[in-house]
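Report on one structure; see the data block that follows.
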Protein chains: 2
Amino acid sequence: MSGHVVALCGGVGGAKLAHGLALALPPDELSVIVNTGDDFQHLGLHISPDLDSVMYALAGLSDPVRGWGRRDESWAFMEALGNLNGETWFQLGDKDLAVHVERTWRLSQGASLSEVTAYLCTALGIATRVLPMSDDPVRTRVLTAQGWLDFQDYFVRRRCEPAALDFRFAGDETARAQPQALAALERPDLRAIVICPSNPFVSVEPILAVPGIRRAIRESAAPVVAVTPIIGGKAIKGPAAKMMTELGLEVSGAAIARRYADLIDGFVVDRADPMPEPIEGLTFFDAATLMNTVDDRLQLARAVLQAVDSLRRLHHD
Amino acid sequence: MSGHVVALCGGVGGAKLAHGLALALPPDELSVIVNTGDDFQHLGLHISPDLDSVMYALAGLSDPVRGWGRRDESWAFMEALGNLNGETWFQLGDKDLAVHVERTWRLSQGASLSEVTAYLCTALGIATRVLPMSDDPVRTRVLTAQGWLDFQDYFVRRRCEPAALDFRFAGDETARAQPQALAALERPDLRAIVICPSNPFVSVEPILAVPGIRRAIRESAAPVVAVTPIIGGKAIKGPAAKMMTELGLEVSGAAIARRYADLIDGFVVDRADPMPEPIEGLTFFDAATLMNTVDDRLQLARAVLQAVDSLRRLHHD
């Protein structure tokens, strides 16, 4: 089976499956569309946390312990900034900073976020096409009892402590989808669209909120498969489970499948979890979705591609 | 003897005497006016090399071996930037970078360079008043056989290799002197103006080019004393001697004294050098001007203050 695969993802968990897909597929058969709703300006720098997580994962540079940022990172900048009474609530490693400074500088010279991302990927030896969902700013905001908060204020500074009541993606009415991302979703040879195991509320839905993307996915003839970010009633990392509770949702893959139901043809739950009740028009699969090792990433990618191809056969039969 | 001392300086050598003066005087009796002609934008960051050298010297943070930048510096950022094929001709240490990022961010929020400098000095525990010569951009340019070069292009990227034929300080016609700097030079209780052992062409003369500063020095009733940056026909550090040769000047303290003759009342040569031929209206002093240790800085500062006070007695008698 060949054809082009498009993966949608956010940061850490999603980036791991994106890496697995990059290992399983030739570079020209994969495009990764990345959430930029977490992007923000900090100390004058343009930070793109999810793009960086994806780049670092694909380049083999991710820190395996912290789960974010770069391996073998050092913190001399951060310590010196603290000694200047600068803002230290958002950790910037010395190596990570090189990406932020280079990106910010290139953006200031008029390059688009996609152009900068392509430049950085080439420099880091990444052959897979990594695309921001949009070159225009779309910024996730979280409604809490303390009012609407900017995403990083909620996520990092307040450590997701306030209960999340609602989400908004500022700029999503006027943002244009990144052209290659939209074109990838509309390719006639599209093999599959994969929604990676990322937080649905703040990683995947910002991508879906960019005009044209949800429609392109819905209208695609290719199978659309999502992978659960919830295993055994818990999120592997991040606030997905906490958010589901706060929003009154059951904390399960099935609840996420229902949330994506108008978009997806298949949903992969973890093999340790019970198979959900059937949902019309939706096929459930199970796989080992916990990705501790690089091989886990590759095996999950292969399971997802198998699921995808079985759906394609189903539709063609 | 008390009263206010104003020191004019550039980077490394001048910063050492500024430090000596800060050790010799109570904080409220010293203002240091610093060259900003070397300032430049690099990777979107506002770099102020001489302000940083002075701050690091006063805070005891200077690297004692390299002669620039911070002690115990690390280079993870620079290495990572190199791996991104970024510009690495201007070395930015991880700790040093904290100053550049914080400064650039504060300037972008509308703070003046003086305000940012005051903030950084407070954070670094510096009680002495450190003042940029101007909050407006004045940029040193160097005429070479290859045409006019930006200072850092000449100084760092080309390692001062092209022969220097002339200097220009772009913006010097419209720049306003930093108000506290000008006010310090005009204080009625001014004890002395000290021209530190900095490069005359690219450290001191940019300061003198800022409208109002040369006139304020010339009109000051306080003694004006300069300290030689040349010992035994050589510059301790930097291209001063090379420039003097290229400009057809004798490489000596005496030649620098002649260059400053319309401004200064006293000139300190190194005690290892012969006492220059007398110049009318100018008193020569000698002292140990090489500053290898912190105590050397203090001793030279004391010698300079002694020279200053002897000139004052001379004028009052």
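Letters A, B, ... mark the chains of the structure tokens in the order given; residue numbers begin at 1 per chain; ligand numbers begin at 1, in order shown.
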
Any chance you could tabulate, as CSV, the residues of chain A at most 10 Å from chain B with each one's nearest atom pair and distance in Å to one decimal, using only C-alpha atoms, in chain and rising number order?
residue,atom,partner,partner_atom,distance
A:His42,CA,B:Trp105,CA,8.7
A:Leu43,CA,B:Trp105,CA,5.3
A:Gly44,CA,B:Trp105,CA,5.2
A:Leu45,CA,B:Trp105,CA,8.4
A:Asp72,CA,B:Ala76,CA,9.8
A:Glu73,CA,B:Ala76,CA,8.2
A:Ser74,CA,B:Ala76,CA,7.2
A:Trp75,CA,B:Asp94,CA,8.3
A:Ala76,CA,B:Asp94,CA,5.7
A:Phe77,CA,B:Lys95,CA,4.8
A:Met78,CA,B:Ala98,CA,7.3
A:Glu79,CA,B:Lys95,CA,7.7
A:Ala80,CA,B:Lys95,CA,5.2
A:Leu81,CA,B:Ala98,CA,5.0
A:Gly82,CA,B:Ala98,CA,8.7
A:Asn83,CA,B:Ala123,CA,6.9
A:Leu84,CA,B:Ala123,CA,5.0
A:Asn85,CA,B:Ala123,CA,6.5
A:Gly86,CA,B:Glu102,CA,6.9
A:Glu87,CA,B:Glu102,CA,9.0
A:Gly93,CA,B:Phe77,CA,8.4
A:Asp94,CA,B:Phe77,CA,4.8
A:Lys95,CA,B:Phe77,CA,4.8
A:Asp96,CA,B:Phe77,CA,7.7
A:Leu97,CA,B:Phe77,CA,6.5
A:Ala98,CA,B:Leu81,CA,5.0
A:Val99,CA,B:Leu81,CA,7.2
A:His100,CA,B:Leu81,CA,9.9
A:Val101,CA,B:Leu43,CA,6.8
A:Glu102,CA,B:Leu43,CA,6.9
A:Arg103,CA,B:Leu43,CA,9.5
A:Thr104,CA,B:Gly44,CA,7.4
A:Trp105,CA,B:Gly44,CA,5.2
A:Arg106,CA,B:Leu43,CA,8.3
A:Leu107,CA,B:Gly44,CA,9.8
A:Ser108,CA,B:Gly44,CA,7.5
A:Gln109,CA,B:Gly44,CA,9.1
A:Tyr119,CA,B:Leu84,CA,8.6
A:Leu120,CA,B:Leu84,CA,6.5
A:Cys121,CA,B:Leu84,CA,8.9
A:Thr122,CA,B:Leu84,CA,8.6
A:Ala123,CA,B:Leu84,CA,5.0
A:Leu124,CA,B:Leu84,CA,6.6
A:Gly125,CA,B:Leu84,CA,9.7

task = Would you list, as a PyMOL selection string, the residues of stretch 55-222 of chain A that end up in helix (DSSP H, G or I) under DSSP run on this structure's backbone?
result = chain A and resi 55-58+76-83+94-108+113-123+151-157+179-185+200-209+213-219

Could those selected residues go to a file with C-alpha atoms, as a compact mmCIF listing (two decimals), in the first residue's frame?
# COMPACT_ATOMS: atom_id res chain seq x y z
CA MET A 55 11.10 18.64 15.10
CA TYR A 56 13.03 17.36 18.08
CA ALA A 57 11.19 14.02 17.97
CA LEU A 58 11.83 13.59 14.24
CA ALA A 76 22.96 28.48 31.94
CA PHE A 77 20.85 31.07 30.10
CA MET A 78 17.86 30.46 32.35
CA GLU A 79 19.93 30.74 35.50
CA ALA A 80 21.55 33.97 34.31
CA LEU A 81 18.13 35.33 33.37
CA GLY A 82 16.90 34.50 36.86
CA ASN A 83 19.84 36.42 38.28
CA ASP A 94 20.43 26.82 26.05
CA LYS A 95 20.15 24.63 22.95
CA ASP A 96 16.41 25.07 22.61
CA LEU A 97 17.02 28.81 22.65
CA ALA A 98 19.01 28.56 19.43
CA VAL A 99 15.81 27.47 17.66
CA HIS A 100 13.78 30.32 19.20
CA VAL A 101 16.36 32.98 18.36
CA GLU A 102 16.88 31.73 14.80
CA ARG A 103 13.11 31.42 14.23
CA THR A 104 12.36 34.85 15.67
CA TRP A 105 15.13 36.45 13.65
CA ARG A 106 13.98 34.84 10.39
CA LEU A 107 10.34 35.78 11.04
CA SER A 108 11.46 39.36 11.64
CA LEU A 113 6.47 30.31 9.92
CA SER A 114 6.35 27.51 7.30
CA GLU A 115 9.49 28.79 5.62
CA VAL A 116 11.31 28.99 8.94
CA THR A 117 10.08 25.52 9.88
CA ALA A 118 11.29 24.11 6.55
CA TYR A 119 14.66 25.80 7.11
CA LEU A 120 15.00 24.39 10.63
CA CYS A 121 13.94 20.91 9.53
CA THR A 122 16.53 20.89 6.77
CA ALA A 123 19.20 22.06 9.20
CA PHE A 151 -2.68 29.10 26.79
CA GLN A 152 0.85 29.22 28.18
CA ASP A 153 -0.35 31.22 31.17
CA TYR A 154 -2.83 28.42 31.88
CA PHE A 155 -0.57 25.56 30.85
CA VAL A 156 2.86 26.45 32.17
CA ARG A 157 2.59 29.34 34.57
CA PRO A 179 -1.36 26.02 1.76
CA GLN A 180 0.72 22.82 1.59
CA ALA A 181 -1.17 21.44 4.59
CA LEU A 182 -4.50 22.02 2.92
CA ALA A 183 -3.17 20.69 -0.40
CA ALA A 184 -1.87 17.56 1.37
CA LEU A 185 -5.33 16.90 2.83
CA PRO A 200 -8.17 16.88 21.60
CA PHE A 201 -9.06 20.24 23.15
CA VAL A 202 -5.81 22.16 22.89
CA SER A 203 -3.76 20.26 20.30
CA VAL A 204 -6.09 18.79 17.69
CA GLU A 205 -9.11 21.10 17.79
CA PRO A 206 -7.02 24.25 17.17
CA ILE A 207 -5.90 22.59 13.92
CA LEU A 208 -9.49 21.68 13.07
CA ALA A 209 -10.52 25.29 13.79
CA ILE A 213 -9.08 22.03 7.47
CA ARG A 214 -12.11 20.40 9.08
CA ARG A 215 -13.98 20.48 5.79
CA ALA A 216 -11.02 19.00 3.89
CA ILE A 217 -10.83 16.15 6.38
CA ARG A 218 -14.58 15.55 6.30
CA GLU A 219 -14.64 15.54 2.50

With distances taken over only C-alpha atoms, the candidate from B:Leu165, B:Ala288, B:Ala18, B:Ala272 nearest B:Trp148 is B:Leu165

Do you know which residues are at most 9 Å from B:Ala261 counting only C-alpha atoms, after dropping those on the same chain fewer than 2 positions away, and could you put them as a short mmCIF file (atom, residue, chain, number, x, y, z; two decimals) with C-alpha atoms, in the first residue's frame?
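Once everything was written out, this is around_9.cif:
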data_model
loop_
_atom_site.label_atom_id
_atom_site.label_comp_id
_atom_site.auth_asym_id
_atom_site.auth_seq_id
_atom_site.Cartn_x
_atom_site.Cartn_y
_atom_site.Cartn_z
CA ILE B 256 47.26 59.96 22.07
CA ALA B 257 47.89 62.86 24.45
CA ARG B 258 48.32 65.14 21.41
CA ARG B 259 45.08 63.80 19.93
CA LEU B 263 40.35 68.50 25.92
CA ILE B 264 42.69 67.28 28.61
CA ASP B 265 44.72 68.86 31.39
CA ILE B 279 53.01 69.86 25.65
CA GLU B 280 51.78 73.32 26.66
CA GLY B 281 48.86 73.28 29.04
CA LEU B 282 49.24 69.57 29.66
#

Quick one: residues within 8 Å of B:Gly11, only C-alpha atoms counted, chain neighbours fewer than 6 positions away excluded, as a list in words?
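The contact residues come out as Asn35, Pro49, Asp50, Leu51, Asp52, Ser53, Val54, Ser198 and Ser203 of chain B.
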
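Distances to A:Val34 were evaluated for A:Gly13, A:Gly110, A:Gly233, A:Pro132 using only C-alpha atoms, and the minimum falls at A:Pro132.
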
Residue set, stretch 10-168 of chain A restricted to strand (DSSP E or B), as a VMD selection string
chain A and resid 30 to 34 40 to 42 45 to 47 62 70 129 to 132 134 139 to 144 147 to 150 166 to 168

Those selected residues, please, written with N, CA and C atoms and delivered as a PDB file, in the first residue's frame.
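Below is the file selection-v1.pdb, written as the result:
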ATOM      1  N   LEU A  30       4.695  11.313   3.729  1.00  0.00           N
ATOM      2  CA  LEU A  30       4.160  11.799   5.012  1.00  0.00           C
ATOM      3  C   LEU A  30       4.233  13.321   5.103  1.00  0.00           C
ATOM      4  N   SER A  31       3.117  13.927   5.491  1.00  0.00           N
ATOM      5  CA  SER A  31       3.120  15.336   5.883  1.00  0.00           C
ATOM      6  C   SER A  31       2.567  15.409   7.297  1.00  0.00           C
ATOM      7  N   VAL A  32       3.197  16.194   8.137  1.00  0.00           N
ATOM      8  CA  VAL A  32       2.727  16.350   9.514  1.00  0.00           C
ATOM      9  C   VAL A  32       2.225  17.785   9.689  1.00  0.00           C
ATOM     10  N   ILE A  33       0.954  17.913  10.002  1.00  0.00           N
ATOM     11  CA  ILE A  33       0.377  19.239  10.249  1.00  0.00           C
ATOM     12  C   ILE A  33       0.359  19.456  11.760  1.00  0.00           C
ATOM     13  N   VAL A  34       1.004  20.523  12.202  1.00  0.00           N
ATOM     14  CA  VAL A  34       1.248  20.712  13.626  1.00  0.00           C
ATOM     15  C   VAL A  34       0.460  21.892  14.178  1.00  0.00           C
ATOM     16  N   PHE A  40       3.535  31.371  21.234  1.00  0.00           N
ATOM     17  CA  PHE A  40       3.402  32.659  21.923  1.00  0.00           C
ATOM     18  C   PHE A  40       4.700  33.431  21.863  1.00  0.00           C
ATOM     19  N   GLN A  41       4.567  34.706  22.177  1.00  0.00           N
ATOM     20  CA  GLN A  41       5.725  35.582  22.244  1.00  0.00           C
ATOM     21  C   GLN A  41       6.175  35.618  23.686  1.00  0.00           C
ATOM     22  N   HIS A  42       7.446  35.348  23.893  1.00  0.00           N
ATOM     23  CA  HIS A  42       7.960  35.354  25.262  1.00  0.00           C
ATOM     24  C   HIS A  42       9.343  35.989  25.232  1.00  0.00           C
ATOM     25  N   LEU A  45      10.702  36.581  21.963  1.00  0.00           N
ATOM     26  CA  LEU A  45      10.987  35.435  21.101  1.00  0.00           C
ATOM     27  C   LEU A  45       9.697  34.754  20.675  1.00  0.00           C
ATOM     28  N   HIS A  46       9.681  34.256  19.451  1.00  0.00           N
ATOM     29  CA  HIS A  46       8.522  33.500  18.972  1.00  0.00           C
ATOM     30  C   HIS A  46       8.740  32.026  19.325  1.00  0.00           C
ATOM     31  N   ILE A  47       7.931  31.540  20.263  1.00  0.00           N
ATOM     32  CA  ILE A  47       8.061  30.155  20.715  1.00  0.00           C
ATOM     33  C   ILE A  47       6.945  29.333  20.070  1.00  0.00           C
ATOM     34  N   SER A  62      14.777  14.815  21.132  1.00  0.00           N
ATOM     35  CA  SER A  62      13.907  15.026  22.298  1.00  0.00           C
ATOM     36  C   SER A  62      14.562  14.515  23.569  1.00  0.00           C
ATOM     37  N   ARG A  70      14.943  19.506  24.622  1.00  0.00           N
ATOM     38  CA  ARG A  70      16.023  18.761  23.982  1.00  0.00           C
ATOM     39  C   ARG A  70      16.806  17.904  24.952  1.00  0.00           C
ATOM     40  N   ARG A 129       7.996  16.235   5.761  1.00  0.00           N
ATOM     41  CA  ARG A 129       7.475  17.591   5.666  1.00  0.00           C
ATOM     42  C   ARG A 129       6.677  17.950   6.934  1.00  0.00           C
ATOM     43  N   VAL A 130       7.173  18.943   7.672  1.00  0.00           N
ATOM     44  CA  VAL A 130       6.515  19.396   8.906  1.00  0.00           C
ATOM     45  C   VAL A 130       5.884  20.752   8.609  1.00  0.00           C
ATOM     46  N   LEU A 131       4.579  20.844   8.779  1.00  0.00           N
ATOM     47  CA  LEU A 131       3.860  22.052   8.391  1.00  0.00           C
ATOM     48  C   LEU A 131       3.086  22.644   9.570  1.00  0.00           C
ATOM     49  N   PRO A 132       3.296  23.908   9.861  1.00  0.00           N
ATOM     50  CA  PRO A 132       2.410  24.543  10.840  1.00  0.00           C
ATOM     51  C   PRO A 132       1.002  24.575  10.257  1.00  0.00           C
ATOM     52  N   SER A 134      -1.049  26.849  10.212  1.00  0.00           N
ATOM     53  CA  SER A 134      -1.295  28.132   9.568  1.00  0.00           C
ATOM     54  C   SER A 134      -0.067  29.002   9.753  1.00  0.00           C
ATOM     55  N   ARG A 139      -4.421  31.557  18.369  1.00  0.00           N
ATOM     56  CA  ARG A 139      -3.920  31.409  19.741  1.00  0.00           C
ATOM     57  C   ARG A 139      -4.983  30.791  20.652  1.00  0.00           C
ATOM     58  N   THR A 140      -4.633  29.653  21.225  1.00  0.00           N
ATOM     59  CA  THR A 140      -5.553  28.960  22.121  1.00  0.00           C
ATOM     60  C   THR A 140      -5.721  29.747  23.409  1.00  0.00           C
ATOM     61  N   ARG A 141      -6.976  29.909  23.832  1.00  0.00           N
ATOM     62  CA  ARG A 141      -7.260  30.541  25.113  1.00  0.00           C
ATOM     63  C   ARG A 141      -8.175  29.595  25.894  1.00  0.00           C
ATOM     64  N   VAL A 142      -8.032  29.639  27.190  1.00  0.00           N
ATOM     65  CA  VAL A 142      -8.743  28.691  28.052  1.00  0.00           C
ATOM     66  C   VAL A 142      -9.630  29.482  29.004  1.00  0.00           C
ATOM     67  N   LEU A 143     -10.919  29.160  29.007  1.00  0.00           N
ATOM     68  CA  LEU A 143     -11.833  29.803  29.955  1.00  0.00           C
ATOM     69  C   LEU A 143     -11.760  29.058  31.283  1.00  0.00           C
ATOM     70  N   THR A 144     -11.507  29.808  32.331  1.00  0.00           N
ATOM     71  CA  THR A 144     -11.443  29.239  33.679  1.00  0.00           C
ATOM     72  C   THR A 144     -12.282  30.133  34.592  1.00  0.00           C
ATOM     73  N   GLY A 147     -11.462  33.591  34.400  1.00  0.00           N
ATOM     74  CA  GLY A 147     -11.642  34.251  33.106  1.00  0.00           C
ATOM     75  C   GLY A 147     -10.825  33.568  32.019  1.00  0.00           C
ATOM     76  N   TRP A 148     -10.773  34.208  30.851  1.00  0.00           N
ATOM     77  CA  TRP A 148     -10.024  33.646  29.720  1.00  0.00           C
ATOM     78  C   TRP A 148      -8.533  33.827  29.959  1.00  0.00           C
ATOM     79  N   LEU A 149      -7.788  32.763  29.846  1.00  0.00           N
ATOM     80  CA  LEU A 149      -6.340  32.818  30.029  1.00  0.00           C
ATOM     81  C   LEU A 149      -5.646  32.452  28.717  1.00  0.00           C
ATOM     82  N   ASP A 150      -4.515  33.123  28.462  1.00  0.00           N
ATOM     83  CA  ASP A 150      -3.673  32.692  27.345  1.00  0.00           C
ATOM     84  C   ASP A 150      -3.172  31.282  27.642  1.00  0.00           C
ATOM     85  N   ASP A 166     -13.898  26.092  28.916  1.00  0.00           N
ATOM     86  CA  ASP A 166     -14.118  26.209  27.477  1.00  0.00           C
ATOM     87  C   ASP A 166     -12.794  26.613  26.816  1.00  0.00           C
ATOM     88  N   PHE A 167     -12.768  26.504  25.495  1.00  0.00           N
ATOM     89  CA  PHE A 167     -11.550  26.830  24.734  1.00  0.00           C
ATOM     90  C   PHE A 167     -11.933  27.722  23.565  1.00  0.00           C
ATOM     91  N   ARG A 168     -11.005  28.576  23.205  1.00  0.00           N
ATOM     92  CA  ARG A 168     -11.242  29.465  22.084  1.00  0.00           C
ATOM     93  C   ARG A 168      -9.912  29.559  21.338  1.00  0.00           C
TER      94      ARG A 168
END

* Asked: If we count only C-alpha atoms, what is near B:Thr245 at a cut-off of 12 Å, once residues fewer than 4 positions away on the same chain are taken out, given as a list in words?
  ->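 Skipping anything fewer than 4 positions along the chain leaves Ala163, Ala164, Leu165, Gly233, Lys234, Ala235, Pro239, Ala240, Ala241, Leu249, Glu250, Val251, Ser252 and Ala255 of chain B.
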
Would you pick out the contacts of A:Val138 at 6 Å or less, using only C-alpha atoms, so that residues sharing its chain but fewer than 6 positions from it are not included, and give the list as JSON, numbers by chain? {"A": [37, 169, 170, 171, 172]}

Can you write out the residues you just picked, keeping C-alpha atoms, as a PDB file, in the first residue's frame?
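Written output follows (again24.pdb):
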ATOM      1  CA  GLY A  37      -2.281  27.346  18.937  1.00  0.00           C
ATOM      2  CA  PHE A 169      -8.767  29.798  19.248  1.00  0.00           C
ATOM      3  CA  ALA A 170      -8.244  33.510  18.766  1.00  0.00           C
ATOM      4  CA  GLY A 171      -7.657  34.347  15.123  1.00  0.00           C
ATOM      5  CA  ASP A 172      -9.342  31.197  13.824  1.00  0.00           C
TER       6      ASP A 172
END

With only C-alpha atoms as the counted atoms, please give the residues lying no more than 10 Å from A:Leu23, apart from itself and same-chain residues fewer than 2 positions off, as a PDB file with C-alpha atoms, in the first residue's frame.
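See part.pdb below for the written result:
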ATOM      1  CA  LEU A  17       3.494   8.899  16.682  1.00  0.00           C
ATOM      2  CA  ALA A  18       4.564  11.403  14.012  1.00  0.00           C
ATOM      3  CA  HIS A  19       8.082  10.082  14.567  1.00  0.00           C
ATOM      4  CA  GLY A  20       6.815   6.480  14.291  1.00  0.00           C
ATOM      5  CA  LEU A  21       5.106   7.336  11.010  1.00  0.00           C
ATOM      6  CA  LEU A  25       7.060   5.698   5.675  1.00  0.00           C
ATOM      7  CA  PRO A  26       9.328   7.153   2.992  1.00  0.00           C
ATOM      8  CA  PRO A  27       9.755  10.916   3.590  1.00  0.00           C
ATOM      9  CA  LEU A  58      11.829  13.585  14.236  1.00  0.00           C
ATOM     10  CA  THR A 128       9.560  14.565   6.530  1.00  0.00           C
ATOM     11  CA  VAL A 294      11.433   4.409  19.579  1.00  0.00           C
ATOM     12  CA  ASP A 295      10.383   0.905  18.543  1.00  0.00           C
ATOM     13  CA  ARG A 297       6.530   4.471  18.036  1.00  0.00           C
ATOM     14  CA  LEU A 298       7.276   2.467  14.921  1.00  0.00           C
ATOM     15  CA  GLN A 299       5.032  -0.437  16.002  1.00  0.00           C
ATOM     16  CA  ALA A 301       2.620   3.646  13.406  1.00  0.00           C
ATOM     17  CA  ARG A 302       2.494   0.274  11.670  1.00  0.00           C
TER      18      ARG A 302
END

Taken to one decimal, the atom CA of B:Thr36-atom CA of B:Met291 distance is 23.1 Å

How far is it from atom CA of A:Ala192 to atom CA of A:Val5, in Å with one decimal?
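One can read the atom CA of A:Ala192 to atom CA of A:Val5 distance as 4.9 Å.
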
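Minimum atom-to-atom distance to B:Val224, evaluated using only C-alpha atoms, belongs to B:Gly266 out of B:Gly253, B:Pro197, B:Gly266, B:Gly212.
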